[in-house]
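Novice: Please find structure-v4.pdb (PDB, C-alpha atoms) on the next line:
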```pdb
ATOM      1  CA  MET A   1      79.229 113.850  67.826
ATOM      2  CA  SER A   2      79.858 115.754  71.066
ATOM      3  CA  THR A   3      80.713 113.546  74.047
ATOM      4  CA  LEU A   4      79.830 114.866  77.503
ATOM      5  CA  ILE A   5      82.385 113.827  80.100
ATOM      6  CA  CYS A   6      81.020 114.140  83.637
ATOM      7  CA  GLY A   7      83.781 113.795  86.203
ATOM      8  CA  SER A   8      86.493 115.632  88.066
ATOM      9  CA  LEU A   9      89.132 118.181  87.219
ATOM     10  CA  ALA A  10      91.934 117.902  89.759
ATOM     11  CA  PHE A  11      95.507 118.798  90.536
ATOM     12  CA  ASP A  12      97.834 115.881  91.313
ATOM     13  CA  ASN A  13     100.644 116.949  93.635
ATOM     14  CA  ILE A  14     103.266 114.208  93.385
ATOM     15  CA  MET A  15     106.215 114.034  95.783
ATOM     16  CA  VAL A  16     109.103 111.579  95.880
ATOM     17  CA  PHE A  17     110.609 110.496  99.212
ATOM     18  CA  PRO A  18     114.197 109.344  98.459
ATOM     19  CA  ASP A  19     114.089 106.592 101.069
ATOM     20  CA  ARG A  20     111.719 103.872 102.252
ATOM     21  CA  PHE A  21     108.713 104.467 104.485
ATOM     22  CA  LYS A  22     109.472 101.281 106.397
ATOM     23  CA  ASN A  23     112.736 102.796 107.629
ATOM     24  CA  HIS A  24     110.860 105.605 109.365
ATOM     25  CA  ILE A  25     107.605 104.046 110.572
ATOM     26  CA  LEU A  26     108.028 102.011 113.748
ATOM     27  CA  PRO A  27     105.403  99.223 113.851
ATOM     28  CA  GLU A  28     105.342  99.149 117.651
ATOM     29  CA  GLN A  29     104.569 102.897 117.705
ATOM     30  CA  ILE A  30     101.889 102.887 115.024
ATOM     31  CA  HIS A  31      99.223 103.876 117.554
ATOM     32  CA  ILE A  32     100.984 107.221 118.115
ATOM     33  CA  LEU A  33     102.182 107.797 114.558
ATOM     34  CA  ASN A  34     103.825 111.176 114.087
ATOM     35  CA  VAL A  35     106.217 111.212 111.162
ATOM     36  CA  ALA A  36     107.387 113.721 108.553
ATOM     37  CA  PHE A  37     109.064 112.982 105.227
ATOM     38  CA  LEU A  38     111.407 115.393 103.459
ATOM     39  CA  VAL A  39     110.466 115.372  99.775
ATOM     40  CA  PRO A  40     112.985 117.351  97.709
ATOM     41  CA  GLU A  41     111.284 116.348  94.453
ATOM     42  CA  MET A  42     107.760 117.528  93.743
ATOM     43  CA  ARG A  43     105.664 118.184  90.669
ATOM     44  CA  ARG A  44     102.085 119.226  89.997
ATOM     45  CA  GLU A  45     100.177 117.531  87.209
ATOM     46  CA  TYR A  46      96.857 118.369  85.600
ATOM     47  CA  GLY A  47      94.520 115.476  86.278
ATOM     48  CA  GLY A  48      91.065 114.391  87.288
ATOM     49  CA  CYS A  49      89.187 111.769  85.308
ATOM     50  CA  ALA A  50      87.165 114.232  83.214
ATOM     51  CA  GLY A  51      90.264 116.221  82.307
ATOM     52  CA  ASN A  52      92.272 113.117  81.417
ATOM     53  CA  ILE A  53      89.511 111.496  79.359
ATOM     54  CA  ALA A  54      88.768 114.719  77.482
ATOM     55  CA  TYR A  55      92.451 115.268  76.722
ATOM     56  CA  ASN A  56      92.852 111.787  75.242
ATOM     57  CA  LEU A  57      89.609 111.988  73.288
ATOM     58  CA  MET A  58      90.827 115.290  71.822
ATOM     59  CA  LEU A  59      94.043 113.556  70.676
ATOM     60  CA  LEU A  60      91.896 111.004  68.824
ATOM     61  CA  GLY A  61      89.950 113.736  67.050
ATOM     62  CA  GLY A  62      86.787 113.438  69.132
ATOM     63  CA  GLU A  63      84.625 116.291  70.401
ATOM     64  CA  PRO A  64      84.791 116.205  74.213
ATOM     65  CA  LEU A  65      82.737 118.460  76.459
ATOM     66  CA  ILE A  66      83.850 118.570  80.098
ATOM     67  CA  MET A  67      81.231 118.850  82.839
ATOM     68  CA  ALA A  68      82.984 119.437  86.160
ATOM     69  CA  THR A  69      83.300 121.758  89.153
ATOM     70  CA  VAL A  70      86.410 123.693  90.185
ATOM     71  CA  GLY A  71      87.451 125.998  93.010
ATOM     72  CA  ASP A  72      89.039 129.412  93.441
ATOM     73  CA  ASP A  73      92.491 128.065  92.549
ATOM     74  CA  ALA A  74      91.502 126.715  89.118
ATOM     75  CA  ALA A  75      92.900 129.526  86.921
ATOM     76  CA  PRO A  76      95.980 127.561  85.684
ATOM     77  CA  TYR A  77      93.806 124.586  84.721
ATOM     78  CA  LEU A  78      91.211 126.752  82.990
ATOM     79  CA  GLU A  79      93.942 128.542  81.041
ATOM     80  CA  ARG A  80      95.282 125.151  79.982
ATOM     81  CA  LEU A  81      91.857 124.086  78.706
ATOM     82  CA  ASP A  82      91.704 127.288  76.672
ATOM     83  CA  ARG A  83      95.161 126.664  75.179
ATOM     84  CA  LEU A  84      94.136 123.136  74.214
ATOM     85  CA  GLY A  85      90.873 124.307  72.687
ATOM     86  CA  LEU A  86      88.798 122.257  75.112
ATOM     87  CA  PRO A  87      85.496 124.057  75.789
ATOM     88  CA  ARG A  88      84.802 124.876  79.431
ATOM     89  CA  THR A  89      81.200 125.936  78.945
ATOM     90  CA  HIS A  90      80.102 123.321  81.485
ATOM     91  CA  VAL A  91      82.950 123.774  83.976
ATOM     92  CA  ARG A  92      81.396 125.431  87.023
ATOM     93  CA  HIS A  93      83.324 127.570  89.511
ATOM     94  CA  VAL A  94      82.282 126.943  93.122
ATOM     95  CA  PRO A  95      83.288 130.041  95.150
ATOM     96  CA  GLY A  96      84.984 129.457  98.493
ATOM     97  CA  SER A  97      86.293 126.014  97.562
ATOM     98  CA  PHE A  98      89.505 124.437  96.308
ATOM     99  CA  THR A  99      89.721 122.436  93.115
ATOM    100  CA  ALA A 100      89.905 118.714  93.908
ATOM    101  CA  GLN A 101      93.468 117.625  94.529
ATOM    102  CA  ALA A 102      95.520 114.634  95.452
ATOM    103  CA  PHE A 103      98.728 114.753  97.479
ATOM    104  CA  ILE A 104     100.769 111.656  96.668
ATOM    105  CA  THR A 105     104.064 110.725  98.301
ATOM    106  CA  THR A 106     105.980 107.803  96.784
ATOM    107  CA  ASP A 107     109.021 106.068  98.283
ATOM    108  CA  LEU A 108     111.848 104.112  96.624
ATOM    109  CA  ASP A 109     109.805 100.891  96.752
ATOM    110  CA  ASP A 110     106.910 102.596  94.920
ATOM    111  CA  ASN A 111     104.780 102.523  98.086
ATOM    112  CA  GLN A 112     102.399 105.453  98.167
ATOM    113  CA  ILE A 113     100.723 107.555 100.831
ATOM    114  CA  THR A 114      97.891 109.593  99.324
ATOM    115  CA  ALA A 115      95.575 112.247 100.705
ATOM    116  CA  PHE A 116      92.675 113.399  98.521
ATOM    117  CA  HIS A 117      90.661 116.576  99.021
ATOM    118  CA  PRO A 118      87.429 116.568  96.951
ATOM    119  CA  GLY A 119      86.802 120.305  97.280
ATOM    120  CA  ALA A 120      84.546 121.622  94.535
ATOM    121  CA  MET A 121      83.950 118.067  93.294
ATOM    122  CA  SER A 122      81.423 117.655  96.114
ATOM    123  CA  PHE A 123      79.191 120.167  94.307
ATOM    124  CA  SER A 124      79.125 118.344  90.971
ATOM    125  CA  HIS A 125      75.369 117.838  91.311
ATOM    126  CA  LEU A 126      74.929 121.549  90.530
ATOM    127  CA  ASN A 127      75.729 120.730  86.884
ATOM    128  CA  LYS A 128      72.889 119.395  84.744
ATOM    129  CA  VAL A 129      73.289 117.146  81.714
ATOM    130  CA  GLU A 130      70.341 118.863  80.042
ATOM    131  CA  HIS A 131      72.437 122.030  79.701
ATOM    132  CA  ALA A 132      74.764 120.268  77.243
ATOM    133  CA  ARG A 133      72.278 120.141  74.391
ATOM    134  CA  THR A 134      74.750 119.020  71.725
ATOM    135  CA  ALA A 135      75.860 115.883  73.601
ATOM    136  CA  ARG A 136      75.053 112.602  71.859
ATOM    137  CA  LEU A 137      77.174 110.336  74.063
ATOM    138  CA  GLY A 138      78.394 110.562  77.645
ATOM    139  CA  ILE A 139      80.320 109.053  80.513
ATOM    140  CA  VAL A 140      79.771 109.227  84.263
ATOM    141  CA  ALA A 141      83.305 109.102  85.652
ATOM    142  CA  PRO A 142      84.402 109.403  89.317
ATOM    143  CA  ASP A 143      82.957 112.561  90.846
ATOM    144  CA  GLY A 144      80.841 113.604  93.821
ATOM    145  CA  HIS A 145      78.412 110.935  95.106
ATOM    146  CA  GLU A 146      75.232 112.908  94.469
ATOM    147  CA  GLY A 147      76.525 114.265  91.179
ATOM    148  CA  MET A 148      77.270 110.823  89.754
ATOM    149  CA  MET A 149      73.810 109.537  90.601
ATOM    150  CA  GLN A 150      72.116 112.619  89.181
ATOM    151  CA  HIS A 151      74.113 112.651  85.957
ATOM    152  CA  ALA A 152      73.296 108.987  85.312
ATOM    153  CA  ARG A 153      69.586 109.726  85.754
ATOM    154  CA  ASP A 154      69.908 112.816  83.550
ATOM    155  CA  PHE A 155      71.569 110.916  80.714
ATOM    156  CA  ALA A 156      68.899 108.225  80.823
ATOM    157  CA  ALA A 157      66.065 110.766  80.913
ATOM    158  CA  ALA A 158      67.552 112.605  77.928
ATOM    159  CA  GLY A 159      68.010 109.392  75.964
ATOM    160  CA  VAL A 160      71.774 109.969  75.694
ATOM    161  CA  PRO A 161      73.741 106.689  75.837
ATOM    162  CA  PHE A 162      76.532 106.712  78.424
ATOM    163  CA  ILE A 163      79.294 104.697  80.057
ATOM    164  CA  PHE A 164      79.098 104.082  83.801
ATOM    165  CA  ASP A 165      82.696 104.324  85.016
ATOM    166  CA  PRO A 166      82.768 104.641  88.827
ATOM    167  CA  GLY A 167      86.513 103.940  89.188
ATOM    168  CA  GLN A 168      87.854 104.752  92.635
ATOM    169  CA  GLY A 169      84.422 106.147  93.516
ATOM    170  CA  LEU A 170      82.767 102.714  93.415
ATOM    171  CA  PRO A 171      83.097 102.079  97.191
ATOM    172  CA  MET A 172      80.805 105.091  97.806
ATOM    173  CA  PHE A 173      77.812 103.140  96.517
ATOM    174  CA  ASN A 174      75.886 100.221  97.978
ATOM    175  CA  GLY A 175      74.623  97.251  96.000
ATOM    176  CA  ASP A 176      71.199  98.718  95.194
ATOM    177  CA  GLU A 177      72.725 101.976  93.984
ATOM    178  CA  LEU A 178      75.151 100.107  91.749
ATOM    179  CA  LEU A 179      72.310  98.066  90.258
ATOM    180  CA  ASP A 180      70.449 101.315  89.586
ATOM    181  CA  PHE A 181      73.485 102.643  87.716
ATOM    182  CA  MET A 182      73.699  99.466  85.654
ATOM    183  CA  ALA A 183      70.000  99.682  84.799
ATOM    184  CA  LEU A 184      70.400 103.270  83.590
ATOM    185  CA  ALA A 185      73.692 102.879  81.716
ATOM    186  CA  ASP A 186      74.227 101.633  78.172
ATOM    187  CA  PHE A 187      77.839 100.613  78.821
ATOM    188  CA  ALA A 188      79.959 100.010  81.933
ATOM    189  CA  CYS A 189      83.696  99.882  82.511
ATOM    190  CA  PHE A 190      85.713  98.661  85.529
ATOM    191  CA  ASN A 191      89.180  97.439  86.329
ATOM    192  CA  ASP A 192      89.420  93.864  87.618
ATOM    193  CA  TYR A 193      89.382  94.893  91.297
ATOM    194  CA  GLU A 194      86.349  97.131  90.789
ATOM    195  CA  ALA A 195      84.572  94.373  88.853
ATOM    196  CA  LYS A 196      85.095  91.974  91.766
ATOM    197  CA  LEU A 197      83.803  94.576  94.229
ATOM    198  CA  LEU A 198      80.799  95.230  91.970
ATOM    199  CA  SER A 199      79.931  91.532  91.967
ATOM    200  CA  ASP A 200      80.363  91.277  95.727
ATOM    201  CA  ARG A 201      78.156  94.283  96.467
ATOM    202  CA  THR A 202      75.392  93.389  94.032
ATOM    203  CA  GLY A 203      75.491  89.623  94.569
ATOM    204  CA  ARG A 204      75.571  89.078  90.812
ATOM    205  CA  SER A 205      78.146  87.565  88.496
ATOM    206  CA  LEU A 206      79.846  89.561  85.765
ATOM    207  CA  GLU A 207      77.885  87.611  83.179
ATOM    208  CA  GLN A 208      74.618  88.580  84.865
ATOM    209  CA  LEU A 209      75.688  92.222  85.136
ATOM    210  CA  ALA A 210      76.774  92.253  81.503
ATOM    211  CA  GLY A 211      73.225  91.361  80.544
ATOM    212  CA  ALA A 212      72.040  94.720  81.878
ATOM    213  CA  VAL A 213      74.112  96.776  79.407
ATOM    214  CA  GLN A 214      75.108  96.711  75.742
ATOM    215  CA  ALA A 215      78.724  96.135  76.745
ATOM    216  CA  LEU A 216      80.626  95.590  79.984
ATOM    217  CA  ILE A 217      84.373  96.177  79.847
ATOM    218  CA  VAL A 218      86.889  94.887  82.409
ATOM    219  CA  THR A 219      90.506  96.069  82.252
ATOM    220  CA  ARG A 220      93.343  93.994  83.690
ATOM    221  CA  GLY A 221      96.418  96.157  83.301
ATOM    222  CA  GLY A 222      99.257  94.277  81.627
ATOM    223  CA  GLU A 223      96.973  91.284  81.033
ATOM    224  CA  GLY A 224      94.783  93.231  78.616
ATOM    225  CA  SER A 225      91.023  93.643  78.883
ATOM    226  CA  THR A 226      87.766  91.838  78.227
ATOM    227  CA  ILE A 227      84.603  93.114  76.612
ATOM    228  CA  PHE A 228      81.309  91.320  77.237
ATOM    229  CA  ALA A 229      78.904  92.357  74.462
ATOM    230  CA  GLY A 230      76.078  90.720  72.560
ATOM    231  CA  GLY A 231      76.458  87.496  74.520
ATOM    232  CA  GLN A 232      80.105  87.229  73.456
ATOM    233  CA  ARG A 233      83.389  87.581  75.293
ATOM    234  CA  ILE A 234      86.033  89.551  73.385
ATOM    235  CA  ASP A 235      89.555  89.403  74.791
ATOM    236  CA  ILE A 236      91.705  92.440  73.993
ATOM    237  CA  PRO A 237      95.483  92.003  74.289
ATOM    238  CA  CYS A 238      97.683  94.532  76.030
ATOM    239  CA  VAL A 239      99.758  96.727  73.705
ATOM    240  CA  ALA A 240     103.466  96.863  74.514
ATOM    241  CA  ALA A 241     104.550 100.341  75.593
ATOM    242  CA  GLU A 242     107.826 101.996  74.639
ATOM    243  CA  GLN A 243     108.620 102.137  78.351
ATOM    244  CA  LEU A 244     106.764 101.866  81.637
ATOM    245  CA  VAL A 245     106.956 105.282  83.296
ATOM    246  CA  ASP A 246     103.712 106.117  85.114
ATOM    247  CA  PRO A 247     100.359 104.279  85.186
ATOM    248  CA  THR A 248      98.507 107.408  86.377
ATOM    249  CA  GLY A 249      95.673 108.124  83.942
ATOM    250  CA  CYS A 250      96.061 104.943  81.867
ATOM    251  CA  GLY A 251      92.496 103.914  82.616
ATOM    252  CA  ASP A 252      91.256 107.332  81.502
ATOM    253  CA  ALA A 253      93.195 107.064  78.235
ATOM    254  CA  TYR A 254      91.637 103.627  77.683
ATOM    255  CA  ARG A 255      88.160 105.046  78.252
ATOM    256  CA  ALA A 256      88.780 107.782  75.705
ATOM    257  CA  GLY A 257      89.427 105.025  73.170
ATOM    258  CA  LEU A 258      86.131 103.385  74.116
ATOM    259  CA  LEU A 259      84.232 106.647  73.694
ATOM    260  CA  TYR A 260      85.817 107.307  70.310
ATOM    261  CA  GLY A 261      84.946 103.825  69.096
ATOM    262  CA  ILE A 262      81.337 104.038  70.284
ATOM    263  CA  ALA A 263      80.864 107.525  68.827
ATOM    264  CA  ASN A 264      82.207 106.426  65.438
ATOM    265  CA  GLY A 265      80.414 103.103  65.202
ATOM    266  CA  LEU A 266      83.524 100.905  65.391
ATOM    267  CA  ASP A 267      83.025  97.246  66.261
ATOM    268  CA  TRP A 268      83.931  96.167  69.798
ATOM    269  CA  SER A 269      87.128  94.406  68.859
ATOM    270  CA  THR A 270      88.481  97.501  67.093
ATOM    271  CA  THR A 271      87.223  99.768  69.861
ATOM    272  CA  GLY A 272      88.936  97.726  72.555
ATOM    273  CA  ARG A 273      92.185  97.595  70.614
ATOM    274  CA  LEU A 274      92.174 101.361  70.107
ATOM    275  CA  ALA A 275      91.545 101.795  73.831
ATOM    276  CA  ALA A 276      94.523  99.519  74.566
ATOM    277  CA  VAL A 277      96.718 101.600  72.252
ATOM    278  CA  MET A 278      95.777 104.776  74.129
ATOM    279  CA  GLY A 279      96.664 103.168  77.456
ATOM    280  CA  ALA A 280     100.056 102.062  76.117
ATOM    281  CA  ILE A 281     100.846 105.552  74.861
ATOM    282  CA  LYS A 282      99.943 107.089  78.206
ATOM    283  CA  ILE A 283     101.959 104.741  80.416
ATOM    284  CA  ALA A 284     105.174 105.827  78.686
ATOM    285  CA  HIS A 285     104.772 109.387  80.038
ATOM    286  CA  ARG A 286     104.496 111.018  83.434
ATOM    287  CA  GLY A 287     101.137 112.351  84.544
ATOM    288  CA  GLY A 288      97.757 112.012  82.900
ATOM    289  CA  GLN A 289      98.149 114.642  80.191
ATOM    290  CA  SER A 290     101.809 115.010  79.189
ATOM    291  CA  HIS A 291     101.735 112.722  76.120
ATOM    292  CA  ALA A 292     100.908 114.416  72.821
ATOM    293  CA  PRO A 293     100.926 112.009  69.859
ATOM    294  CA  SER A 294      99.318 113.079  66.608
ATOM    295  CA  ARG A 295      96.317 111.203  65.284
ATOM    296  CA  GLU A 296      98.555 109.724  62.596
ATOM    297  CA  GLU A 297     101.030 108.518  65.212
ATOM    298  CA  ILE A 298      98.212 106.849  67.167
ATOM    299  CA  ALA A 299      97.062 105.121  63.959
ATOM    300  CA  GLY A 300     100.633 103.981  63.299
ATOM    301  CA  ILE A 301     100.931 102.372  66.736
ATOM    302  CA  TYR A 302      97.591 100.642  66.192
ATOM    303  CA  ARG A 303      98.731  99.341  62.792
ATOM    304  CA  ARG A 304     102.008  97.974  64.172
ATOM    305  CA  ALA A 305     100.179  96.235  67.019
ATOM    306  CA  PHE A 306      97.199  94.838  65.097
ATOM    307  CA  GLY A 307      97.987  95.091  61.396
ATOM    308  CA  GLU A 308      95.018  97.225  60.434
ATOM    309  CA  MET A 309      93.909 100.835  60.653
ATOM    310  CA  PRO A 310      91.122 101.903  63.038
ATOM    311  CA  TRP A 311      90.041 104.730  60.676
TER     312      TRP A 311
END
```
Take the structure in the file and give it back as structure tokens.
Specialist:
Amino acid sequence: MSTLICGSLAFDNIMVFPDRFKNHILPEQIHILNVAFLVPEMRREYGGCAGNIAYNLMLLGGEPLIMATVGDDAAPYLERLDRLGLPRTHVRHVPGSFTAQAFITTDLDDNQITAFHPGAMSFSHLNKVEHARTARLGIVAPDGHEGMMQHARDFAAAGVPFIFDPGQGLPMFNGDELLDFMALADFACFNDYEAKLLSDRTGRSLEQLAGAVQALIVTRGGEGSTIFAGGQRIDIPCVAAEQLVDPTGCGDAYRAGLLYGIANGLDWSTTGRLAAVMGAIKIAHRGGQSHAPSREEIAGIYRRAFGEMPW
């Protein structure tokens, strides 16, 4: 079953400031802030929610199709997709634009200053779900505002079940728009902060919102996650990671586990546990796509954590 992943492809430019921001930002001069940080350490990671989700779903043995927009600077990312065997049939080049990218500077206290340029992501509405004729499942992940709304409508019109996963894009939408998404979607996934914001903007409780979809999933980092499905609450424990290195992309890895479980008809408890395993594997590595466990290794981690095999 092909899974269409609508979202962003992006470059994450990550810089480390070997000091503390607070030592260089004067509170009494904040109104005329003009400061520069020397960052001798820098790396560029392949990221974006669509890229991260597709990568993790590939590791599980799924069939991801990426639907995204990229700019004139996308050649290294496109070459990477080719090396991985990830189809880019639905990756559109937008001439005269940059690929979406984040510029993240982290200090010794793990404080971050981030600038994000959406670039080609703002043209995601140019892609149409109907062009991916083999898709039987989908996800609307963070992307351009218009594109996310259109892709949700497209999935619903085509009768293709999908996960609504607004992530950091949730603040772009008002309460009515979010309720429209929930009415169109078959499943929805949020972290605990996003779930609180969703409730605040729609004026509805999580239990009420869960009634609009087959399953509503809320992730809580190290506290695990909760799946509301079929009138039941299923609590999924967090899986202990080998080490805690970088949380970037953990949510995307988790969502890949959800998509694999839904596509293969796994029950919600097994699906949530597999998703938790994927998040634990990811957090032990830098960046969103640098981990590369085999399918057998993933199954082994699942077995050690839960005493049973997911496949």
Novice: Quick one, how far is CA of Gly279 (chain A) from CA of Ala210 (chain A)?
Specialist: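 So the answer is 23.0 Å.
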Novice: Would you give the centre and edge lengths, in Å to one decimal, of a box along x, y and z around the listed atoms of region 194-212 of chain A, with 5 Å added to each side, as JSON?
Specialist:
```
{"center_x": 79.2, "center_y": 92.3, "center_z": 88.5, "size_x": 24.3, "size_y": 19.6, "size_z": 25.9}
```
Novice: With the PyMOL selection byres ((chain A and resi 151) around 10) as the selection, what would be picked from this file? Answer as a PyMOL selection string, please.
Specialist: chain A and resi 6-7+67+124-125+127-130+138-141+146-150+152-157+162
Novice: Run the PyMOL selection byres ((chain A and resi 221) around 9) on the file and write out the hits as a PDB file with C-alpha atoms, keeping the file's coordinate frame.
Specialist:
```pdb
ATOM      1  CA  ASN A 191      89.180  97.439  86.329  1.00  0.00           C
ATOM      2  CA  ASP A 192      89.420  93.864  87.618  1.00  0.00           C
ATOM      3  CA  THR A 219      90.506  96.069  82.252  1.00  0.00           C
ATOM      4  CA  ARG A 220      93.343  93.994  83.690  1.00  0.00           C
ATOM      5  CA  GLY A 222      99.257  94.277  81.627  1.00  0.00           C
ATOM      6  CA  GLU A 223      96.973  91.284  81.033  1.00  0.00           C
ATOM      7  CA  GLY A 224      94.783  93.231  78.616  1.00  0.00           C
ATOM      8  CA  SER A 225      91.023  93.643  78.883  1.00  0.00           C
ATOM      9  CA  CYS A 238      97.683  94.532  76.030  1.00  0.00           C
ATOM     10  CA  CYS A 250      96.061 104.943  81.867  1.00  0.00           C
ATOM     11  CA  GLY A 251      92.496 103.914  82.616  1.00  0.00           C
TER      12      GLY A 251
END
```
Novice: So that each row is one residue of region 70-137 of chain A with an atom at most 12 Å from region 284-294 of chain A, can you give its shortest atom pair and the distance in Å to one decimal, using all atoms listed in the file, rows by chain and rising number, as CSV?
Specialist:
```
residue,atom,partner,partner_atom,distance
A:Tyr77,CA,A:Gln289,CA,11.8
A:Arg80,CA,A:Gln289,CA,10.9
A:Leu81,CA,A:Gln289,CA,11.4
A:Leu84,CA,A:Ala292,CA,11.1
```
Novice: List the residues selected by the PyMOL selection byres ((chain A and resi 16-33) around 10) in the file shown, writing them as a VMD selection string.
Specialist: chain A and resid 14 to 15 34 to 43 104 to 113
Novice: When you count all atoms listed in the file, which of these residues is closest to Trp268 (chain A): A:Ile217, A:Ala195, A:Ile301, A:Val91?
Specialist: A:Ile217
Novice: For a quick check of understanding, using only C-alpha atoms, which of A:Tyr46, A:Tyr193, A:Trp311, A:Phe306 has the smallest distance to Tyr260 (chain A)?
Specialist: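 Looking at the shortest contact to Tyr260 (chain A), the residue is A:Trp311.
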Novice: Restricting the calculation to only C-alpha atoms, which member of A:Ala158, A:Ala74, A:Leu86, A:Leu209 is positioned closest to Tyr55 (chain A)?
Specialist: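 Checking each candidate against Tyr55 (chain A), we get A:Leu86 as the closest.
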Novice: Distance CA of Leu126 (chain A)-CA of Gly61 (chain A), one decimal place?
Specialist: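 Computing it gives 28.9 Å between the two atoms.
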Novice: How many Å lie between CA of Asn174 (chain A) and CA of Ser8 (chain A), rounded to one decimal?
Specialist: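 About the pair CA of Asn174 (chain A) and CA of Ser8 (chain A): they are 21.2 Å apart.
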Novice: Between A:Gly211, A:Gly203, A:Pro171, A:Gly85, which residue has the minimum interatomic distance to Ala185 (chain A), considering all atoms listed in the file?
Specialist: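 The closest residue to Ala185 (chain A) is A:Gly211.
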